[in-house]
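See structure below.
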Amino acid sequence: MNRNIKISLAAVFVFCLALTVVFVVSRAGGSGEAEQTATPVRADSQRLSAPADSKATFVEFLDFECEACGAMYPTVERLRQTYGDQVTFVVRYFPLPGHFNGDRAARAAAAAAQQGRFEAMYKKLFETQQQWGEQQEPLDDLFTSYAQDLGLNMEQYAADYNSQATRELIDRDIADGKALGVSGTPTLYIDHTPVEPGTYEDLSAALSSAINKQ
């Protein structure tokens with residue numbers, strides 16, 4: 001009888017130990033996912049430049065239809081010209097609900113990225129923003145014409161533009177932004193530290209400081 005009790009107790013102990021291990025592992029995994037959510041940049045985030053010996057990271061949460069992002073675009077391009085060989089420039093999608101075609105523009109950029117033409121579509125959308133921004137009608141056909149101008153495979157573009165993977169990518173960027181407290185665009189980070197949008201001189205000084213800390 002005592003032998004049976006000992007065997008039962010041992011079985012209960014092993015079962016409880018197994019549950020503890022599963023609980024600890026699942027908590028560790030969940031914590032890791034939470035940390036991943038609240039980060040300005042992910043390993044697979046879209047990059048405009050990625051030097052092998054990157055000394056700093058510049059991240060912009062943007063909306064292609066946002067006028068302030070359009071105004072920031074020339075400054076970011078100038079920063080890229082100056083620091084592109086030292087700094088990783090990252091774009092995160094954050095289309096705002098008040099912009100009728102902001103999400104469509106993000107989908108166009110994400111679809112172009114699947115064919116290695118993200119930068120080209122990024123430039124096209126900002127350089128034509130005044131022509132299509134603030135219109136209260138769907139402009140899918142216009143963005144398709146941009147894809148044609150860039151020489152994309154249109155069958156693949158259409159599939160990626162409407163794919164669940166593209167939807168999830170944009171939604172994940174929005175979720176990351178919200179978890180970080182992003183509420184408007186452009187929102188900028190340098191090495192995980194938020195910085196105020198400013199002049200070229202302001203942002204250049206901030207980047208130089210980040211580079212010199214390396």
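If you're wondering about the labels, chains in the structure tokens are A, B, ... by order shown, residues count from 1 in each chain, ligands from 1 in order shown.
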DSSP-assigned helix (DSSP H, G or I) members of region 11-180 of chain A, reported as a PDB file with N, CA and C atoms, in the first residue's frame:
ATOM      1  N   ALA A  11       4.275  10.446  -9.136  1.00  0.00           N
ATOM      2  CA  ALA A  11       3.630  10.809 -10.399  1.00  0.00           C
ATOM      3  C   ALA A  11       3.061  12.221 -10.335  1.00  0.00           C
ATOM      4  N   VAL A  12       2.435  12.560  -9.182  1.00  0.00           N
ATOM      5  CA  VAL A  12       1.887  13.896  -9.015  1.00  0.00           C
ATOM      6  C   VAL A  12       3.005  14.931  -9.058  1.00  0.00           C
ATOM      7  N   PHE A  13       4.123  14.625  -8.394  1.00  0.00           N
ATOM      8  CA  PHE A  13       5.267  15.546  -8.380  1.00  0.00           C
ATOM      9  C   PHE A  13       5.792  15.802  -9.784  1.00  0.00           C
ATOM     10  N   VAL A  14       5.942  14.738 -10.561  1.00  0.00           N
ATOM     11  CA  VAL A  14       6.436  14.875 -11.928  1.00  0.00           C
ATOM     12  C   VAL A  14       5.467  15.707 -12.759  1.00  0.00           C
ATOM     13  N   PHE A  15       4.158  15.461 -12.582  1.00  0.00           N
ATOM     14  CA  PHE A  15       3.146  16.207 -13.325  1.00  0.00           C
ATOM     15  C   PHE A  15       3.204  17.695 -12.986  1.00  0.00           C
ATOM     16  N   CYS A  16       3.308  18.002 -11.692  1.00  0.00           N
ATOM     17  CA  CYS A  16       3.366  19.405 -11.272  1.00  0.00           C
ATOM     18  C   CYS A  16       4.636  20.076 -11.774  1.00  0.00           C
ATOM     19  N   LEU A  17       5.740  19.330 -11.754  1.00  0.00           N
ATOM     20  CA  LEU A  17       6.998  19.875 -12.254  1.00  0.00           C
ATOM     21  C   LEU A  17       6.886  20.195 -13.738  1.00  0.00           C
ATOM     22  N   ALA A  18       6.238  19.308 -14.488  1.00  0.00           N
ATOM     23  CA  ALA A  18       6.050  19.533 -15.926  1.00  0.00           C
ATOM     24  C   ALA A  18       5.199  20.767 -16.171  1.00  0.00           C
ATOM     25  N   LEU A  19       4.136  20.938 -15.375  1.00  0.00           N
ATOM     26  CA  LEU A  19       3.293  22.127 -15.526  1.00  0.00           C
ATOM     27  C   LEU A  19       4.065  23.401 -15.223  1.00  0.00           C
ATOM     28  N   THR A  20       4.930  23.332 -14.207  1.00  0.00           N
ATOM     29  CA  THR A  20       5.736  24.500 -13.851  1.00  0.00           C
ATOM     30  C   THR A  20       6.665  24.887 -14.976  1.00  0.00           C
ATOM     31  N   VAL A  21       7.302  23.880 -15.576  1.00  0.00           N
ATOM     32  CA  VAL A  21       8.222  24.147 -16.686  1.00  0.00           C
ATOM     33  C   VAL A  21       7.478  24.785 -17.849  1.00  0.00           C
ATOM     34  N   VAL A  22       6.295  24.234 -18.182  1.00  0.00           N
ATOM     35  CA  VAL A  22       5.496  24.782 -19.281  1.00  0.00           C
ATOM     36  C   VAL A  22       5.094  26.212 -18.983  1.00  0.00           C
ATOM     37  N   PHE A  23       4.687  26.498 -17.733  1.00  0.00           N
ATOM     38  CA  PHE A  23       4.268  27.840 -17.352  1.00  0.00           C
ATOM     39  C   PHE A  23       5.411  28.836 -17.471  1.00  0.00           C
ATOM     40  N   VAL A  24       6.597  28.442 -16.976  1.00  0.00           N
ATOM     41  CA  VAL A  24       7.758  29.331 -17.034  1.00  0.00           C
ATOM     42  C   VAL A  24       8.158  29.613 -18.468  1.00  0.00           C
ATOM     43  N   VAL A  25       8.172  28.566 -19.298  1.00  0.00           N
ATOM     44  CA  VAL A  25       8.541  28.736 -20.698  1.00  0.00           C
ATOM     45  C   VAL A  25       7.544  29.629 -21.410  1.00  0.00           C
ATOM     46  N   SER A  26       6.221  29.410 -21.166  1.00  0.00           N
ATOM     47  CA  SER A  26       5.205  30.216 -21.841  1.00  0.00           C
ATOM     48  C   SER A  26       5.273  31.661 -21.383  1.00  0.00           C
ATOM     49  N   ARG A  27       5.557  31.905 -20.091  1.00  0.00           N
ATOM     50  CA  ARG A  27       5.690  33.275 -19.608  1.00  0.00           C
ATOM     51  C   ARG A  27       6.872  33.960 -20.253  1.00  0.00           C
ATOM     52  N   ALA A  28       7.971  33.203 -20.388  1.00  0.00           N
ATOM     53  CA  ALA A  28       9.167  33.777 -21.019  1.00  0.00           C
ATOM     54  C   ALA A  28       8.889  34.124 -22.460  1.00  0.00           C
ATOM     55  N   GLY A  29       8.167  33.220 -23.165  1.00  0.00           N
ATOM     56  CA  GLY A  29       7.833  33.474 -24.563  1.00  0.00           C
ATOM     57  C   GLY A  29       6.903  34.659 -24.694  1.00  0.00           C
ATOM     58  N   GLY A  30       5.901  34.754 -23.810  1.00  0.00           N
ATOM     59  CA  GLY A  30       4.971  35.870 -23.865  1.00  0.00           C
ATOM     60  C   GLY A  30       5.651  37.181 -23.591  1.00  0.00           C
ATOM     61  N   SER A  31       6.601  37.177 -22.627  1.00  0.00           N
ATOM     62  CA  SER A  31       7.328  38.402 -22.321  1.00  0.00           C
ATOM     63  C   SER A  31       8.134  38.860 -23.506  1.00  0.00           C
ATOM     64  N   GLY A  32       8.741  37.893 -24.198  1.00  0.00           N
ATOM     65  CA  GLY A  32       9.531  38.235 -25.374  1.00  0.00           C
ATOM     66  C   GLY A  32       8.679  38.863 -26.449  1.00  0.00           C
ATOM     67  N   GLU A  33       7.465  38.340 -26.652  1.00  0.00           N
ATOM     68  CA  GLU A  33       6.573  38.885 -27.661  1.00  0.00           C
ATOM     69  C   GLU A  33       6.163  40.306 -27.293  1.00  0.00           C
ATOM     70  N   ALA A  34       5.923  40.546 -25.986  1.00  0.00           N
ATOM     71  CA  ALA A  34       5.538  41.888 -25.566  1.00  0.00           C
ATOM     72  C   ALA A  34       6.656  42.879 -25.834  1.00  0.00           C
ATOM     73  N   GLU A  35       7.890  42.437 -25.542  1.00  0.00           N
ATOM     74  CA  GLU A  35       9.014  43.319 -25.788  1.00  0.00           C
ATOM     75  C   GLU A  35       9.157  43.604 -27.279  1.00  0.00           C
ATOM     76  N   GLN A  36       8.917  42.600 -28.115  1.00  0.00           N
ATOM     77  CA  GLN A  36       9.016  42.777 -29.557  1.00  0.00           C
ATOM     78  C   GLN A  36       7.980  43.790 -30.053  1.00  0.00           C
ATOM     79  N   THR A  37       6.798  43.788 -29.427  1.00  0.00           N
ATOM     80  CA  THR A  37       5.731  44.660 -29.894  1.00  0.00           C
ATOM     81  C   THR A  37       6.119  46.123 -29.744  1.00  0.00           C
ATOM     82  N   GLU A  67       0.660  65.560 -44.870  1.00  0.00           N
ATOM     83  CA  GLU A  67       1.373  66.717 -45.402  1.00  0.00           C
ATOM     84  C   GLU A  67       2.666  66.981 -44.639  1.00  0.00           C
ATOM     85  N   ALA A  68       2.643  66.760 -43.315  1.00  0.00           N
ATOM     86  CA  ALA A  68       3.860  66.961 -42.516  1.00  0.00           C
ATOM     87  C   ALA A  68       4.945  65.964 -42.916  1.00  0.00           C
ATOM     88  N   CYS A  69       4.541  64.731 -43.258  1.00  0.00           N
ATOM     89  CA  CYS A  69       5.517  63.736 -43.738  1.00  0.00           C
ATOM     90  C   CYS A  69       6.056  64.170 -45.095  1.00  0.00           C
ATOM     91  N   GLY A  70       5.170  64.716 -45.928  1.00  0.00           N
ATOM     92  CA  GLY A  70       5.617  65.223 -47.226  1.00  0.00           C
ATOM     93  C   GLY A  70       6.612  66.351 -47.063  1.00  0.00           C
ATOM     94  N   ALA A  71       6.377  67.210 -46.062  1.00  0.00           N
ATOM     95  CA  ALA A  71       7.307  68.308 -45.805  1.00  0.00           C
ATOM     96  C   ALA A  71       8.622  67.800 -45.233  1.00  0.00           C
ATOM     97  N   MET A  72       8.576  66.672 -44.490  1.00  0.00           N
ATOM     98  CA  MET A  72       9.784  66.092 -43.913  1.00  0.00           C
ATOM     99  C   MET A  72      10.605  65.320 -44.947  1.00  0.00           C
ATOM    100  N   TYR A  73       9.943  64.875 -46.010  1.00  0.00           N
ATOM    101  CA  TYR A  73      10.597  64.026 -47.015  1.00  0.00           C
ATOM    102  C   TYR A  73      11.906  64.610 -47.547  1.00  0.00           C
ATOM    103  N   PRO A  74      11.976  65.878 -47.987  1.00  0.00           N
ATOM    104  CA  PRO A  74      13.252  66.405 -48.503  1.00  0.00           C
ATOM    105  C   PRO A  74      14.356  66.398 -47.444  1.00  0.00           C
ATOM    106  N   THR A  75      13.987  66.629 -46.188  1.00  0.00           N
ATOM    107  CA  THR A  75      14.979  66.607 -45.105  1.00  0.00           C
ATOM    108  C   THR A  75      15.531  65.207 -44.908  1.00  0.00           C
ATOM    109  N   VAL A  76      14.640  64.214 -44.932  1.00  0.00           N
ATOM    110  CA  VAL A  76      15.089  62.831 -44.775  1.00  0.00           C
ATOM    111  C   VAL A  76      15.981  62.426 -45.950  1.00  0.00           C
ATOM    112  N   GLU A  77      15.616  62.858 -47.152  1.00  0.00           N
ATOM    113  CA  GLU A  77      16.441  62.547 -48.320  1.00  0.00           C
ATOM    114  C   GLU A  77      17.829  63.182 -48.193  1.00  0.00           C
ATOM    115  N   ARG A  78      17.876  64.391 -47.684  1.00  0.00           N
ATOM    116  CA  ARG A  78      19.167  65.058 -47.489  1.00  0.00           C
ATOM    117  C   ARG A  78      19.991  64.346 -46.425  1.00  0.00           C
ATOM    118  N   LEU A  79      19.330  63.895 -45.364  1.00  0.00           N
ATOM    119  CA  LEU A  79      20.019  63.121 -44.323  1.00  0.00           C
ATOM    120  C   LEU A  79      20.566  61.821 -44.894  1.00  0.00           C
ATOM    121  N   ARG A  80      19.779  61.198 -45.771  1.00  0.00           N
ATOM    122  CA  ARG A  80      20.239  59.943 -46.384  1.00  0.00           C
ATOM    123  C   ARG A  80      21.468  60.182 -47.253  1.00  0.00           C
ATOM    124  N   GLN A  81      21.472  61.289 -47.969  1.00  0.00           N
ATOM    125  CA  GLN A  81      22.633  61.601 -48.809  1.00  0.00           C
ATOM    126  C   GLN A  81      23.891  61.801 -47.960  1.00  0.00           C
ATOM    127  N   THR A  82      23.701  62.398 -46.786  1.00  0.00           N
ATOM    128  CA  THR A  82      24.839  62.690 -45.917  1.00  0.00           C
ATOM    129  C   THR A  82      25.282  61.469 -45.120  1.00  0.00           C
ATOM    130  N   TYR A  83      24.311  60.705 -44.598  1.00  0.00           N
ATOM    131  CA  TYR A  83      24.632  59.648 -43.634  1.00  0.00           C
ATOM    132  C   TYR A  83      24.289  58.237 -44.111  1.00  0.00           C
ATOM    133  N   GLY A 102      -4.335  56.955 -47.363  1.00  0.00           N
ATOM    134  CA  GLY A 102      -3.077  56.667 -46.689  1.00  0.00           C
ATOM    135  C   GLY A 102      -2.770  55.183 -46.607  1.00  0.00           C
ATOM    136  N   ASP A 103      -3.789  54.401 -46.276  1.00  0.00           N
ATOM    137  CA  ASP A 103      -3.582  52.951 -46.178  1.00  0.00           C
ATOM    138  C   ASP A 103      -3.320  52.349 -47.554  1.00  0.00           C
ATOM    139  N   ARG A 104      -4.012  52.822 -48.573  1.00  0.00           N
ATOM    140  CA  ARG A 104      -3.795  52.320 -49.935  1.00  0.00           C
ATOM    141  C   ARG A 104      -2.362  52.617 -50.387  1.00  0.00           C
ATOM    142  N   ALA A 105      -1.870  53.811 -50.045  1.00  0.00           N
ATOM    143  CA  ALA A 105      -0.500  54.164 -50.422  1.00  0.00           C
ATOM    144  C   ALA A 105       0.502  53.250 -49.714  1.00  0.00           C
ATOM    145  N   ALA A 106       0.237  52.948 -48.453  1.00  0.00           N
ATOM    146  CA  ALA A 106       1.109  52.037 -47.709  1.00  0.00           C
ATOM    147  C   ALA A 106       1.111  50.658 -48.359  1.00  0.00           C
ATOM    148  N   ARG A 107      -0.061  50.199 -48.791  1.00  0.00           N
ATOM    149  CA  ARG A 107      -0.145  48.896 -49.463  1.00  0.00           C
ATOM    150  C   ARG A 107       0.606  48.907 -50.780  1.00  0.00           C
ATOM    151  N   ALA A 108       0.556  50.032 -51.497  1.00  0.00           N
ATOM    152  CA  ALA A 108       1.303  50.144 -52.755  1.00  0.00           C
ATOM    153  C   ALA A 108       2.800  50.055 -52.500  1.00  0.00           C
ATOM    154  N   ALA A 109       3.265  50.729 -51.456  1.00  0.00           N
ATOM    155  CA  ALA A 109       4.688  50.688 -51.123  1.00  0.00           C
ATOM    156  C   ALA A 109       5.102  49.291 -50.684  1.00  0.00           C
ATOM    157  N   ALA A 110       4.270  48.651 -49.876  1.00  0.00           N
ATOM    158  CA  ALA A 110       4.581  47.305 -49.406  1.00  0.00           C
ATOM    159  C   ALA A 110       4.609  46.308 -50.565  1.00  0.00           C
ATOM    160  N   ALA A 111       3.688  46.480 -51.515  1.00  0.00           N
ATOM    161  CA  ALA A 111       3.661  45.597 -52.686  1.00  0.00           C
ATOM    162  C   ALA A 111       4.893  45.816 -53.555  1.00  0.00           C
ATOM    163  N   ALA A 112       5.298  47.073 -53.724  1.00  0.00           N
ATOM    164  CA  ALA A 112       6.512  47.360 -54.501  1.00  0.00           C
ATOM    165  C   ALA A 112       7.741  46.781 -53.821  1.00  0.00           C
ATOM    166  N   ALA A 113       7.733  46.791 -52.482  1.00  0.00           N
ATOM    167  CA  ALA A 113       8.866  46.240 -51.733  1.00  0.00           C
ATOM    168  C   ALA A 113       9.060  44.759 -52.021  1.00  0.00           C
ATOM    169  N   PHE A 118      10.851  49.218 -53.202  1.00  0.00           N
ATOM    170  CA  PHE A 118      10.252  50.047 -52.161  1.00  0.00           C
ATOM    171  C   PHE A 118      10.712  51.497 -52.274  1.00  0.00           C
ATOM    172  N   GLU A 119      12.009  51.704 -52.383  1.00  0.00           N
ATOM    173  CA  GLU A 119      12.526  53.074 -52.420  1.00  0.00           C
ATOM    174  C   GLU A 119      11.927  53.866 -53.580  1.00  0.00           C
ATOM    175  N   ALA A 120      11.805  53.221 -54.732  1.00  0.00           N
ATOM    176  CA  ALA A 120      11.247  53.902 -55.899  1.00  0.00           C
ATOM    177  C   ALA A 120       9.795  54.308 -55.658  1.00  0.00           C
ATOM    178  N   MET A 121       9.002  53.414 -55.056  1.00  0.00           N
ATOM    179  CA  MET A 121       7.601  53.743 -54.780  1.00  0.00           C
ATOM    180  C   MET A 121       7.506  54.772 -53.660  1.00  0.00           C
ATOM    181  N   TYR A 122       8.357  54.665 -52.668  1.00  0.00           N
ATOM    182  CA  TYR A 122       8.413  55.641 -51.574  1.00  0.00           C
ATOM    183  C   TYR A 122       8.624  57.046 -52.138  1.00  0.00           C
ATOM    184  N   LYS A 123       9.564  57.184 -53.047  1.00  0.00           N
ATOM    185  CA  LYS A 123       9.833  58.495 -53.655  1.00  0.00           C
ATOM    186  C   LYS A 123       8.657  58.947 -54.525  1.00  0.00           C
ATOM    187  N   LYS A 124       8.114  58.029 -55.285  1.00  0.00           N
ATOM    188  CA  LYS A 124       7.004  58.368 -56.187  1.00  0.00           C
ATOM    189  C   LYS A 124       5.806  58.895 -55.406  1.00  0.00           C
ATOM    190  N   LEU A 125       5.488  58.240 -54.306  1.00  0.00           N
ATOM    191  CA  LEU A 125       4.322  58.636 -53.520  1.00  0.00           C
ATOM    192  C   LEU A 125       4.507  60.018 -52.903  1.00  0.00           C
ATOM    193  N   PHE A 126       5.691  60.293 -52.402  1.00  0.00           N
ATOM    194  CA  PHE A 126       5.913  61.609 -51.805  1.00  0.00           C
ATOM    195  C   PHE A 126       6.042  62.704 -52.856  1.00  0.00           C
ATOM    196  N   GLU A 127       6.687  62.394 -53.963  1.00  0.00           N
ATOM    197  CA  GLU A 127       6.883  63.417 -54.988  1.00  0.00           C
ATOM    198  C   GLU A 127       5.595  63.775 -55.721  1.00  0.00           C
ATOM    199  N   GLN A 129       2.570  63.580 -53.956  1.00  0.00           N
ATOM    200  CA  GLN A 129       1.580  63.677 -52.891  1.00  0.00           C
ATOM    201  C   GLN A 129       0.579  64.805 -53.105  1.00  0.00           C
ATOM    202  N   GLN A 130       1.040  65.949 -53.580  1.00  0.00           N
ATOM    203  CA  GLN A 130       0.142  67.081 -53.767  1.00  0.00           C
ATOM    204  C   GLN A 130      -0.912  66.812 -54.844  1.00  0.00           C
ATOM    205  N   GLN A 131      -0.652  65.841 -55.720  1.00  0.00           N
ATOM    206  CA  GLN A 131      -1.605  65.516 -56.780  1.00  0.00           C
ATOM    207  C   GLN A 131      -2.712  64.588 -56.294  1.00  0.00           C
ATOM    208  N   TRP A 132      -2.397  63.737 -55.320  1.00  0.00           N
ATOM    209  CA  TRP A 132      -3.393  62.752 -54.903  1.00  0.00           C
ATOM    210  C   TRP A 132      -3.833  62.878 -53.444  1.00  0.00           C
ATOM    211  N   ASP A 140      -6.870  53.467 -55.913  1.00  0.00           N
ATOM    212  CA  ASP A 140      -6.153  52.224 -56.211  1.00  0.00           C
ATOM    213  C   ASP A 140      -5.608  52.233 -57.640  1.00  0.00           C
ATOM    214  N   ASP A 141      -6.402  52.714 -58.595  1.00  0.00           N
ATOM    215  CA  ASP A 141      -5.967  52.715 -59.999  1.00  0.00           C
ATOM    216  C   ASP A 141      -4.757  53.630 -60.207  1.00  0.00           C
ATOM    217  N   LEU A 142      -4.720  54.747 -59.494  1.00  0.00           N
ATOM    218  CA  LEU A 142      -3.580  55.648 -59.620  1.00  0.00           C
ATOM    219  C   LEU A 142      -2.308  54.974 -59.108  1.00  0.00           C
ATOM    220  N   PHE A 143      -2.404  54.315 -57.974  1.00  0.00           N
ATOM    221  CA  PHE A 143      -1.228  53.646 -57.426  1.00  0.00           C
ATOM    222  C   PHE A 143      -0.804  52.471 -58.318  1.00  0.00           C
ATOM    223  N   THR A 144      -1.784  51.848 -58.955  1.00  0.00           N
ATOM    224  CA  THR A 144      -1.453  50.793 -59.923  1.00  0.00           C
ATOM    225  C   THR A 144      -0.681  51.374 -61.095  1.00  0.00           C
ATOM    226  N   SER A 145      -1.051  52.588 -61.527  1.00  0.00           N
ATOM    227  CA  SER A 145      -0.324  53.230 -62.631  1.00  0.00           C
ATOM    228  C   SER A 145       1.111  53.566 -62.210  1.00  0.00           C
ATOM    229  N   TYR A 146       1.302  53.895 -60.941  1.00  0.00           N
ATOM    230  CA  TYR A 146       2.657  54.135 -60.446  1.00  0.00           C
ATOM    231  C   TYR A 146       3.479  52.847 -60.530  1.00  0.00           C
ATOM    232  N   ALA A 147       2.848  51.742 -60.156  1.00  0.00           N
ATOM    233  CA  ALA A 147       3.532  50.448 -60.231  1.00  0.00           C
ATOM    234  C   ALA A 147       3.917  50.121 -61.675  1.00  0.00           C
ATOM    235  N   GLN A 148       3.035  50.442 -62.597  1.00  0.00           N
ATOM    236  CA  GLN A 148       3.345  50.239 -64.018  1.00  0.00           C
ATOM    237  C   GLN A 148       4.517  51.120 -64.448  1.00  0.00           C
ATOM    238  N   ASP A 149       4.510  52.373 -64.008  1.00  0.00           N
ATOM    239  CA  ASP A 149       5.607  53.286 -64.338  1.00  0.00           C
ATOM    240  C   ASP A 149       6.952  52.757 -63.836  1.00  0.00           C
ATOM    241  N   MET A 154       2.849  43.304 -62.834  1.00  0.00           N
ATOM    242  CA  MET A 154       1.564  43.791 -62.363  1.00  0.00           C
ATOM    243  C   MET A 154       0.696  42.703 -61.735  1.00  0.00           C
ATOM    244  N   GLU A 155       0.845  41.495 -62.200  1.00  0.00           N
ATOM    245  CA  GLU A 155       0.087  40.395 -61.587  1.00  0.00           C
ATOM    246  C   GLU A 155       0.545  40.192 -60.142  1.00  0.00           C
ATOM    247  N   GLN A 156       1.848  40.204 -59.952  1.00  0.00           N
ATOM    248  CA  GLN A 156       2.373  40.048 -58.601  1.00  0.00           C
ATOM    249  C   GLN A 156       2.021  41.262 -57.741  1.00  0.00           C
ATOM    250  N   TYR A 157       2.121  42.452 -58.331  1.00  0.00           N
ATOM    251  CA  TYR A 157       1.775  43.667 -57.588  1.00  0.00           C
ATOM    252  C   TYR A 157       0.342  43.601 -57.077  1.00  0.00           C
ATOM    253  N   ALA A 158      -0.583  43.233 -57.946  1.00  0.00           N
ATOM    254  CA  ALA A 158      -1.995  43.166 -57.556  1.00  0.00           C
ATOM    255  C   ALA A 158      -2.206  42.158 -56.432  1.00  0.00           C
ATOM    256  N   ALA A 159      -1.515  41.016 -56.530  1.00  0.00           N
ATOM    257  CA  ALA A 159      -1.650  39.994 -55.495  1.00  0.00           C
ATOM    258  C   ALA A 159      -1.103  40.494 -54.168  1.00  0.00           C
ATOM    259  N   ASP A 160       0.054  41.154 -54.197  1.00  0.00           N
ATOM    260  CA  ASP A 160       0.663  41.650 -52.957  1.00  0.00           C
ATOM    261  C   ASP A 160      -0.114  42.831 -52.383  1.00  0.00           C
ATOM    262  N   TYR A 161      -0.645  43.678 -53.251  1.00  0.00           N
ATOM    263  CA  TYR A 161      -1.417  44.847 -52.820  1.00  0.00           C
ATOM    264  C   TYR A 161      -2.640  44.424 -52.008  1.00  0.00           C
ATOM    265  N   GLN A 164      -3.157  39.166 -47.583  1.00  0.00           N
ATOM    266  CA  GLN A 164      -3.270  39.179 -46.127  1.00  0.00           C
ATOM    267  C   GLN A 164      -1.930  39.503 -45.489  1.00  0.00           C
ATOM    268  N   ALA A 165      -0.835  39.060 -46.112  1.00  0.00           N
ATOM    269  CA  ALA A 165       0.498  39.331 -45.571  1.00  0.00           C
ATOM    270  C   ALA A 165       0.776  40.834 -45.528  1.00  0.00           C
ATOM    271  N   THR A 166       0.374  41.548 -46.588  1.00  0.00           N
ATOM    272  CA  THR A 166       0.544  43.005 -46.614  1.00  0.00           C
ATOM    273  C   THR A 166      -0.311  43.662 -45.548  1.00  0.00           C
ATOM    274  N   ARG A 167      -1.546  43.196 -45.411  1.00  0.00           N
ATOM    275  CA  ARG A 167      -2.437  43.726 -44.379  1.00  0.00           C
ATOM    276  C   ARG A 167      -1.836  43.553 -42.983  1.00  0.00           C
ATOM    277  N   GLU A 168      -1.301  42.355 -42.736  1.00  0.00           N
ATOM    278  CA  GLU A 168      -0.725  42.064 -41.423  1.00  0.00           C
ATOM    279  C   GLU A 168       0.539  42.886 -41.173  1.00  0.00           C
ATOM    280  N   LEU A 169       1.333  43.107 -42.212  1.00  0.00           N
ATOM    281  CA  LEU A 169       2.550  43.906 -42.080  1.00  0.00           C
ATOM    282  C   LEU A 169       2.221  45.334 -41.658  1.00  0.00           C
ATOM    283  N   ILE A 170       1.272  45.949 -42.340  1.00  0.00           N
ATOM    284  CA  ILE A 170       0.898  47.332 -42.019  1.00  0.00           C
ATOM    285  C   ILE A 170       0.256  47.409 -40.641  1.00  0.00           C
ATOM    286  N   ASP A 171      -0.616  46.457 -40.336  1.00  0.00           N
ATOM    287  CA  ASP A 171      -1.270  46.447 -39.030  1.00  0.00           C
ATOM    288  C   ASP A 171      -0.249  46.259 -37.913  1.00  0.00           C
ATOM    289  N   ARG A 172       0.777  45.460 -38.163  1.00  0.00           N
ATOM    290  CA  ARG A 172       1.812  45.260 -37.147  1.00  0.00           C
ATOM    291  C   ARG A 172       2.590  46.540 -36.902  1.00  0.00           C
ATOM    292  N   ASP A 173       2.899  47.276 -37.967  1.00  0.00           N
ATOM    293  CA  ASP A 173       3.593  48.550 -37.800  1.00  0.00           C
ATOM    294  C   ASP A 173       2.730  49.520 -36.991  1.00  0.00           C
ATOM    295  N   ILE A 174       1.436  49.557 -37.294  1.00  0.00           N
ATOM    296  CA  ILE A 174       0.527  50.434 -36.553  1.00  0.00           C
ATOM    297  C   ILE A 174       0.481  50.026 -35.081  1.00  0.00           C
ATOM    298  N   ALA A 175       0.402  48.720 -34.833  1.00  0.00           N
ATOM    299  CA  ALA A 175       0.352  48.229 -33.448  1.00  0.00           C
ATOM    300  C   ALA A 175       1.635  48.574 -32.701  1.00  0.00           C
ATOM    301  N   ASP A 176       2.784  48.419 -33.363  1.00  0.00           N
ATOM    302  CA  ASP A 176       4.054  48.788 -32.740  1.00  0.00           C
ATOM    303  C   ASP A 176       4.052  50.272 -32.390  1.00  0.00           C
ATOM    304  N   GLY A 177       3.604  51.094 -33.339  1.00  0.00           N
ATOM    305  CA  GLY A 177       3.570  52.526 -33.105  1.00  0.00           C
ATOM    306  C   GLY A 177       2.680  52.884 -31.927  1.00  0.00           C
ATOM    307  N   LYS A 178       1.490  52.322 -31.894  1.00  0.00           N
ATOM    308  CA  LYS A 178       0.573  52.617 -30.792  1.00  0.00           C
ATOM    309  C   LYS A 178       1.148  52.176 -29.455  1.00  0.00           C
ATOM    310  N   ALA A 179       1.812  51.014 -29.436  1.00  0.00           N
ATOM    311  CA  ALA A 179       2.418  50.525 -28.196  1.00  0.00           C
ATOM    312  C   ALA A 179       3.517  51.462 -27.707  1.00  0.00           C
ATOM    313  N   LEU A 180       4.143  52.155 -28.646  1.00  0.00           N
ATOM    314  CA  LEU A 180       5.197  53.108 -28.293  1.00  0.00           C
ATOM    315  C   LEU A 180       4.661  54.496 -27.980  1.00  0.00           C
TER     316      LEU A 180
END
Within 10 Å of region 44-60 of chain A, which residues of region 171-201 of chain A come that close, and what is the closest atom pair and distance in Å for each? Count only C-alpha atoms and give it as CSV.
residue,atom,partner,partner_atom,distance
A:Asp173,CA,A:Ser45,CA,8.6
A:Thr185,CA,A:Glu60,CA,8.3
A:Pro186,CA,A:Glu60,CA,6.4
A:Thr187,CA,A:Glu60,CA,5.7
A:Leu188,CA,A:Glu60,CA,4.7
A:Tyr189,CA,A:Val59,CA,5.0
A:Ile190,CA,A:Phe58,CA,4.7
A:Asp191,CA,A:Thr57,CA,5.1
A:His192,CA,A:Thr57,CA,8.0
A:Thr193,CA,A:Phe58,CA,9.6
A:Pro194,CA,A:Val59,CA,9.1
A:Val195,CA,A:Phe58,CA,9.8
A:Pro197,CA,A:Glu60,CA,9.7
Any idea what the distance is between CA of Val91 (chain A) and CA of Phe61 (chain A)?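 We find that CA of Val91 (chain A) and CA of Phe61 (chain A) lie 6.2 Å from each other.
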Running DSSP on the backbone, which parts of region 37-155 of chain A land in strand (DSSP E), as a list in words?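 Restricting region 37-155 of chain A to strand (DSSP E) produces Gln46, Arg47, Leu48, Ser49, Ala56, Thr57, Phe58, Val59, Glu60, Phe61, Leu62, Val87, Thr88, Phe89, Val90, Val91, Arg92 and Tyr93 of chain A.
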Please compute the CA of Asp202 (chain A)-CA of Glu65 (chain A) distance, one decimal, in Å.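 CA of Glu65 (chain A) lies 24.1 Å from CA of Asp202 (chain A).
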Ranking A:Phe94, A:Val182, A:Gly151, A:Ser163 by minimum distance to Phe64 (chain A) and counting only C-alpha atoms, which one comes first?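 For Phe64 (chain A), the nearest of the candidates is A:Phe94.
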If I take CA of Ser183 (chain A) and CA of Pro97 (chain A), how far is one from the other in Å, to one decimal?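 One can read the CA of Ser183 (chain A) to CA of Pro97 (chain A) distance as 10.9 Å.
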Using only C-alpha atoms, which residue out of A:Asn153, A:Ser208, A:Asn101, A:Asn162 lies closest to Gly116 (chain A)?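 Selected residue with least distance to Gly116 (chain A): A:Asn153.
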